[in-house]
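Q: Have a look at the structure that comes next, please.
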Amino acid sequence: MTARNSLTIVLAAGEGTRMRSSLPKVLNPVAGRSLLAHVLSAAPHGERDRLAVVIGPDHQAVGAEAKRVRSDAAIHIQAQRLGTAHAVLAAREAIAQGADDLLIAFGDTPLISAETFARLREPLHNGSSLVVLGFRAADPTGYGRLVVEDGKLTAIREQADASADELKITLCNAGVMAIDGKIALDVLDKIGNANAKGEYYLTDAVGIVRDLGLTASVIETSEDEVRGINTKAQLAEAETVMQTRLRQAAMAAGVTLIAPETVYLAADTTFGKDVVIEPFVVIGPGVSIADGAVIHSFSHLSEAKIGSKAQVGPYARLRPGTSLGDGAKIGNFVETKAAQIDAGAKVNHLTYIGDAHIGASANIGAGTITCNYDGFDKHKTEIGAGAFIGSNSSLVAPVKIGTGAYVGSGSVITKDVPDDALAVERNVQTAKDGWAKRFRDAKSRHRKPKAH
């Protein structure tokens, strides 16, 4: 198989009107990743493998997502929607370049796996000219039936055209297909539109291959893997299946999920050894959690890096750009954003740390706020190693708190504090004067305030 090259065509031009959304259907997320991204990630990736994505004429966002996920993706536009075979031929240029294996998939089947794509190619290597992916449906109503005789696929029969005996068949068409690249363009060009809708159906390829005296075959997968998404209800069902997969994979890798059904993971979440996740935790995209870390209940993490033996929560929110060093601690009702918190530092209670760097072993008291936004720009707070910030302190950025410095409770700090210094500022007028100067300086730059 490694000697064979491939072209995968992913059809992503559908409007998804039943989703009742202005977002193109394939951009809806499952486990923090778009439907399309799941399919593109599963499609063959090797040096001898090419990828084409067919999109609608007004779906530049879909093309951009395809390029973001797979920079090697060639984008083709289906100007008119005249059926699945017509959509595939929108990538005629890519097909004409030639490939040993032509794979055809759909951008709204996020649960399909790389292993299934590999299995789909095997019969081509062994002499089949066309391979269809099938599944055993619990309720086959509405699906095209796969008619198999002596182990060979003879037809795909749509529900409306099926005989009484054919309606009893539970082996159904998933829509995903592989064709011998040497004959693919010839087969696709032979598909006609002599049907009630005047459309070109990919399923007709089976009959054409048979008429050419060639072999068509079927491989089977689970019904879950080929779930297509057409409604928000189906999107939720796919999320449920994906979350079950991710939880099982995490636990198989040694992660302790105390109540797995209450934990939500992203497709790209990575874990070290001996990680513990307590109930009711939501982990968004871009999160890595190192060895021995504990995520306590009711915490929400996104685009954050958690060091070994660090602790988060309960009731903590880690926003994008947060990085916790080894042994750092984020406590209850703490929010962080674009914050580097070094090894052993503690931010235990009721605190906001944004656009900040907190040095190793620093202690941030309850109710501390890094005041990072002046109405015009974001500014950075730097807190040195071993510093102590007393409760209910406001650190007005840009500001630096030196190594080993001590800030008394209730202080409003508008000026840098040197290393090992003591700062206690409770004078409200002084704080107001500091704020007023900063506001005048920002306003003088003639910028319009940004939304906070």
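Chain labels run A, B, ... following the order of the structure tokens; each chain numbers its residues from 1, and ligands are numbered from 1 in the order shown.
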Give me the residues within 10 Å of Ile95 of chain A as a PyMOL selection string, counting only C-alpha atoms and dropping any in the same chain fewer than 4 places off.
A: chain A and resi 7-9+52+88-91+99+102+181-182+184-185
Q: Would you please extract all helix (DSSP H, G or I) residues from segment 112-192 of chain A, as assigned by DSSP on the backbone, and give them as an MDAnalysis selection string?
A: chainID A and resid 114:125 159:161 164:167 184:190
Q: Applying 12 Å and only C-alpha atoms, which residues near segment 251-255 of chain A remain after dropping the ones on its own chain fewer than 5 positions away? List them as a list of chain:residue names.
A: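 What passes the distance filter is A:Thr244, A:Arg245, A:Leu246, A:Pro260, A:Val263, A:Thr269, A:Thr270, A:Phe271, A:Gly272, A:Lys273, A:Asp274, A:Val275, A:Val276, A:Ile277, A:Glu278, A:Ile289, A:Ala290, A:Asp291, A:Gly292, A:Ala293, A:Val294, A:Ile295.
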Q: I need the chosen residues saved as a compact mmCIF listing (two decimals), in the first residue's frame, with N, CA, C and O atoms.
A:
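Written out: selection.txt:
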```txt
# COMPACT_ATOMS: atom_id res chain seq x y z
N THR A 244 -17.25 10.36 23.90
CA THR A 244 -17.04 9.00 24.41
C THR A 244 -15.70 8.46 23.92
O THR A 244 -14.93 7.87 24.70
N ARG A 245 -15.39 8.66 22.65
CA ARG A 245 -14.11 8.23 22.11
C ARG A 245 -12.94 8.89 22.85
O ARG A 245 -11.97 8.23 23.23
N LEU A 246 -13.02 10.21 23.00
CA LEU A 246 -11.92 10.95 23.61
C LEU A 246 -11.72 10.56 25.06
O LEU A 246 -10.58 10.43 25.53
N PRO A 260 -16.37 10.34 34.08
CA PRO A 260 -16.06 10.61 32.67
C PRO A 260 -17.18 11.29 31.91
O PRO A 260 -16.92 12.17 31.08
N VAL A 263 -17.10 15.17 31.86
CA VAL A 263 -15.90 15.88 31.40
C VAL A 263 -15.98 16.03 29.88
O VAL A 263 -16.25 15.07 29.16
N THR A 269 -6.65 17.77 22.80
CA THR A 269 -6.15 17.77 24.17
C THR A 269 -5.06 16.72 24.34
O THR A 269 -5.22 15.58 23.90
N THR A 270 -3.94 17.10 24.99
CA THR A 270 -2.88 16.13 25.25
C THR A 270 -2.65 16.02 26.75
O THR A 270 -2.75 17.01 27.49
N PHE A 271 -2.32 14.81 27.19
CA PHE A 271 -2.15 14.52 28.61
C PHE A 271 -0.81 13.85 28.88
O PHE A 271 -0.35 13.04 28.07
N GLY A 272 -0.22 14.17 30.04
CA GLY A 272 0.90 13.41 30.53
C GLY A 272 0.42 12.24 31.37
O GLY A 272 -0.75 11.86 31.33
N LYS A 273 1.31 11.69 32.18
CA LYS A 273 0.97 10.56 33.03
C LYS A 273 0.33 11.04 34.33
O LYS A 273 0.62 12.13 34.83
N ASP A 274 -0.53 10.20 34.88
CA ASP A 274 -1.10 10.42 36.23
C ASP A 274 -1.85 11.73 36.37
O ASP A 274 -1.87 12.35 37.43
N VAL A 275 -2.47 12.19 35.29
CA VAL A 275 -3.31 13.38 35.35
C VAL A 275 -4.66 13.00 35.95
O VAL A 275 -5.20 11.92 35.66
N VAL A 276 -5.22 13.88 36.77
CA VAL A 276 -6.54 13.65 37.37
C VAL A 276 -7.47 14.77 36.95
O VAL A 276 -7.15 15.96 37.09
N ILE A 277 -8.62 14.39 36.41
CA ILE A 277 -9.64 15.35 36.03
C ILE A 277 -10.89 15.07 36.86
O ILE A 277 -11.49 13.99 36.76
N GLU A 278 -11.27 16.02 37.68
CA GLU A 278 -12.45 15.85 38.52
C GLU A 278 -13.73 16.12 37.71
O GLU A 278 -13.66 16.58 36.56
N ILE A 289 -1.76 19.11 29.23
CA ILE A 289 -1.73 18.93 30.68
C ILE A 289 -0.63 17.92 30.98
O ILE A 289 -0.69 16.77 30.54
N ALA A 290 0.38 18.35 31.74
CA ALA A 290 1.57 17.54 31.97
C ALA A 290 1.37 16.57 33.14
O ALA A 290 0.35 16.58 33.84
N ASP A 291 2.39 15.76 33.37
CA ASP A 291 2.33 14.68 34.36
C ASP A 291 1.88 15.16 35.73
O ASP A 291 2.37 16.17 36.26
N GLY A 292 0.95 14.40 36.32
CA GLY A 292 0.58 14.61 37.71
C GLY A 292 -0.27 15.84 37.99
O GLY A 292 -0.56 16.13 39.15
N ALA A 293 -0.68 16.56 36.97
CA ALA A 293 -1.51 17.74 37.20
C ALA A 293 -2.92 17.32 37.60
O ALA A 293 -3.40 16.24 37.23
N VAL A 294 -3.58 18.19 38.36
CA VAL A 294 -4.95 17.93 38.80
C VAL A 294 -5.83 19.10 38.37
O VAL A 294 -5.52 20.26 38.66
N ILE A 295 -6.92 18.78 37.68
CA ILE A 295 -7.89 19.79 37.29
C ILE A 295 -9.14 19.55 38.13
O ILE A 295 -9.83 18.54 37.96
```
Q: Atom CA of Glu115 of chain A to atom CA of Thr221 of chain A: how many Å, to one decimal?
A: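 Result for atom CA of Glu115 of chain A versus atom CA of Thr221 of chain A: 10.4 Å, one decimal.
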Q: Counting only C-alpha atoms, what is within 7 Å of segment 345-361 of chain A, bar same-chain residues fewer than 2 positions away, as JSON, numbers by chain?
A: {"A": [328, 329, 330, 331, 332, 333, 334, 335, 336, 337, 338, 339, 340, 341, 342, 343, 363, 364, 365, 366, 367, 368, 369, 370, 372, 379, 380, 381, 382, 383, 384, 385, 386]}
Q: Could you dump the residues just selected with N, CA, C and O atoms as a short mmCIF file (atom, residue, chain, number, x, y, z; two decimals), in the first residue's frame?
A:
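For reference, result.cif as written:
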```
data_model
loop_
_atom_site.label_atom_id
_atom_site.label_comp_id
_atom_site.auth_asym_id
_atom_site.auth_seq_id
_atom_site.Cartn_x
_atom_site.Cartn_y
_atom_site.Cartn_z
N ALA A 328 2.64 24.95 39.95
CA ALA A 328 1.86 26.18 40.14
C ALA A 328 0.43 25.84 40.54
O ALA A 328 -0.06 24.74 40.27
N LYS A 329 -0.22 26.80 41.16
CA LYS A 329 -1.58 26.54 41.64
C LYS A 329 -2.50 27.70 41.29
O LYS A 329 -2.21 28.86 41.57
N ILE A 330 -3.61 27.35 40.63
CA ILE A 330 -4.68 28.30 40.34
C ILE A 330 -5.89 27.83 41.13
O ILE A 330 -6.38 26.71 40.94
N GLY A 331 -6.40 28.67 42.02
CA GLY A 331 -7.46 28.25 42.92
C GLY A 331 -8.85 28.58 42.44
O GLY A 331 -9.09 28.85 41.27
N ASN A 332 -9.78 28.60 43.39
CA ASN A 332 -11.19 28.77 43.06
C ASN A 332 -11.51 30.22 42.68
O ASN A 332 -11.01 31.17 43.26
N PHE A 333 -12.36 30.33 41.66
CA PHE A 333 -12.83 31.62 41.15
C PHE A 333 -11.66 32.53 40.73
O PHE A 333 -11.65 33.73 41.01
N VAL A 334 -10.70 31.93 40.03
CA VAL A 334 -9.58 32.66 39.46
C VAL A 334 -9.69 32.60 37.94
O VAL A 334 -9.97 31.55 37.37
N GLU A 335 -9.46 33.75 37.29
CA GLU A 335 -9.46 33.81 35.84
C GLU A 335 -8.10 34.30 35.37
O GLU A 335 -7.55 35.25 35.93
N THR A 336 -7.56 33.63 34.35
CA THR A 336 -6.28 34.04 33.78
C THR A 336 -6.41 34.19 32.28
O THR A 336 -7.22 33.51 31.63
N LYS A 337 -5.60 35.08 31.70
CA LYS A 337 -5.58 35.29 30.25
C LYS A 337 -4.21 35.81 29.87
O LYS A 337 -3.70 36.74 30.47
N ALA A 338 -3.58 35.19 28.84
CA ALA A 338 -2.25 35.61 28.39
C ALA A 338 -1.33 35.80 29.59
O ALA A 338 -0.66 36.82 29.74
N ALA A 339 -1.30 34.78 30.43
CA ALA A 339 -0.56 34.87 31.69
C ALA A 339 0.45 33.73 31.80
O ALA A 339 0.09 32.56 31.66
N GLN A 340 1.70 34.08 32.05
CA GLN A 340 2.72 33.09 32.33
C GLN A 340 2.93 33.05 33.83
O GLN A 340 3.34 34.05 34.44
N ILE A 341 2.64 31.90 34.41
CA ILE A 341 2.72 31.75 35.87
C ILE A 341 3.76 30.68 36.14
O ILE A 341 3.55 29.49 35.83
N ASP A 342 4.89 31.09 36.67
CA ASP A 342 6.04 30.21 36.76
C ASP A 342 5.91 29.18 37.88
O ASP A 342 4.97 29.21 38.69
N ALA A 343 6.88 28.28 37.93
CA ALA A 343 6.84 27.14 38.83
C ALA A 343 6.60 27.55 40.27
O ALA A 343 7.23 28.49 40.79
N ASN A 363 3.35 34.69 45.50
CA ASN A 363 2.03 34.44 46.10
C ASN A 363 1.11 35.62 45.79
O ASN A 363 1.43 36.77 46.12
N ILE A 364 -0.02 35.33 45.18
CA ILE A 364 -0.98 36.36 44.81
C ILE A 364 -2.19 36.22 45.71
O ILE A 364 -2.90 35.21 45.68
N GLY A 365 -2.45 37.25 46.52
CA GLY A 365 -3.52 37.18 47.50
C GLY A 365 -4.91 37.27 46.88
O GLY A 365 -5.09 37.70 45.73
N ALA A 366 -5.91 36.90 47.68
CA ALA A 366 -7.29 36.89 47.23
C ALA A 366 -7.74 38.27 46.79
O ALA A 366 -7.41 39.29 47.40
N GLY A 367 -8.50 38.31 45.69
CA GLY A 367 -9.07 39.56 45.23
C GLY A 367 -8.12 40.45 44.46
O GLY A 367 -8.45 41.60 44.15
N THR A 368 -6.94 39.96 44.13
CA THR A 368 -5.98 40.76 43.36
C THR A 368 -6.42 40.86 41.89
O THR A 368 -6.90 39.90 41.30
N ILE A 369 -6.22 42.05 41.33
CA ILE A 369 -6.57 42.27 39.93
C ILE A 369 -5.38 42.92 39.23
O ILE A 369 -4.83 43.92 39.71
N THR A 370 -4.98 42.34 38.11
CA THR A 370 -4.04 43.05 37.23
C THR A 370 -4.90 43.91 36.29
O THR A 370 -5.63 43.39 35.45
N ASN A 372 -5.22 45.50 33.38
CA ASN A 372 -4.43 45.46 32.15
C ASN A 372 -4.98 46.34 31.03
O ASN A 372 -4.31 46.54 30.03
N HIS A 379 -2.00 46.31 28.67
CA HIS A 379 -0.65 46.50 29.19
C HIS A 379 -0.27 45.33 30.09
O HIS A 379 -1.13 44.63 30.62
N LYS A 380 1.02 45.17 30.27
CA LYS A 380 1.53 43.99 30.97
C LYS A 380 1.92 44.29 32.41
O LYS A 380 2.47 45.35 32.72
N THR A 381 1.66 43.31 33.26
CA THR A 381 2.10 43.33 34.65
C THR A 381 3.18 42.27 34.82
O THR A 381 3.00 41.12 34.40
N GLU A 382 4.28 42.65 35.47
CA GLU A 382 5.34 41.70 35.75
C GLU A 382 5.55 41.62 37.25
O GLU A 382 5.77 42.65 37.91
N ILE A 383 5.50 40.40 37.76
CA ILE A 383 5.65 40.17 39.20
C ILE A 383 6.84 39.23 39.38
O ILE A 383 6.87 38.13 38.82
N GLY A 384 7.82 39.67 40.14
CA GLY A 384 9.05 38.91 40.28
C GLY A 384 8.91 37.66 41.12
O GLY A 384 7.94 37.46 41.87
N ALA A 385 9.93 36.82 41.02
CA ALA A 385 9.95 35.57 41.79
C ALA A 385 9.88 35.87 43.28
O ALA A 385 10.52 36.80 43.78
N GLY A 386 9.09 35.08 43.99
CA GLY A 386 9.00 35.20 45.44
C GLY A 386 8.27 36.42 45.96
O GLY A 386 8.23 36.65 47.16
#
```
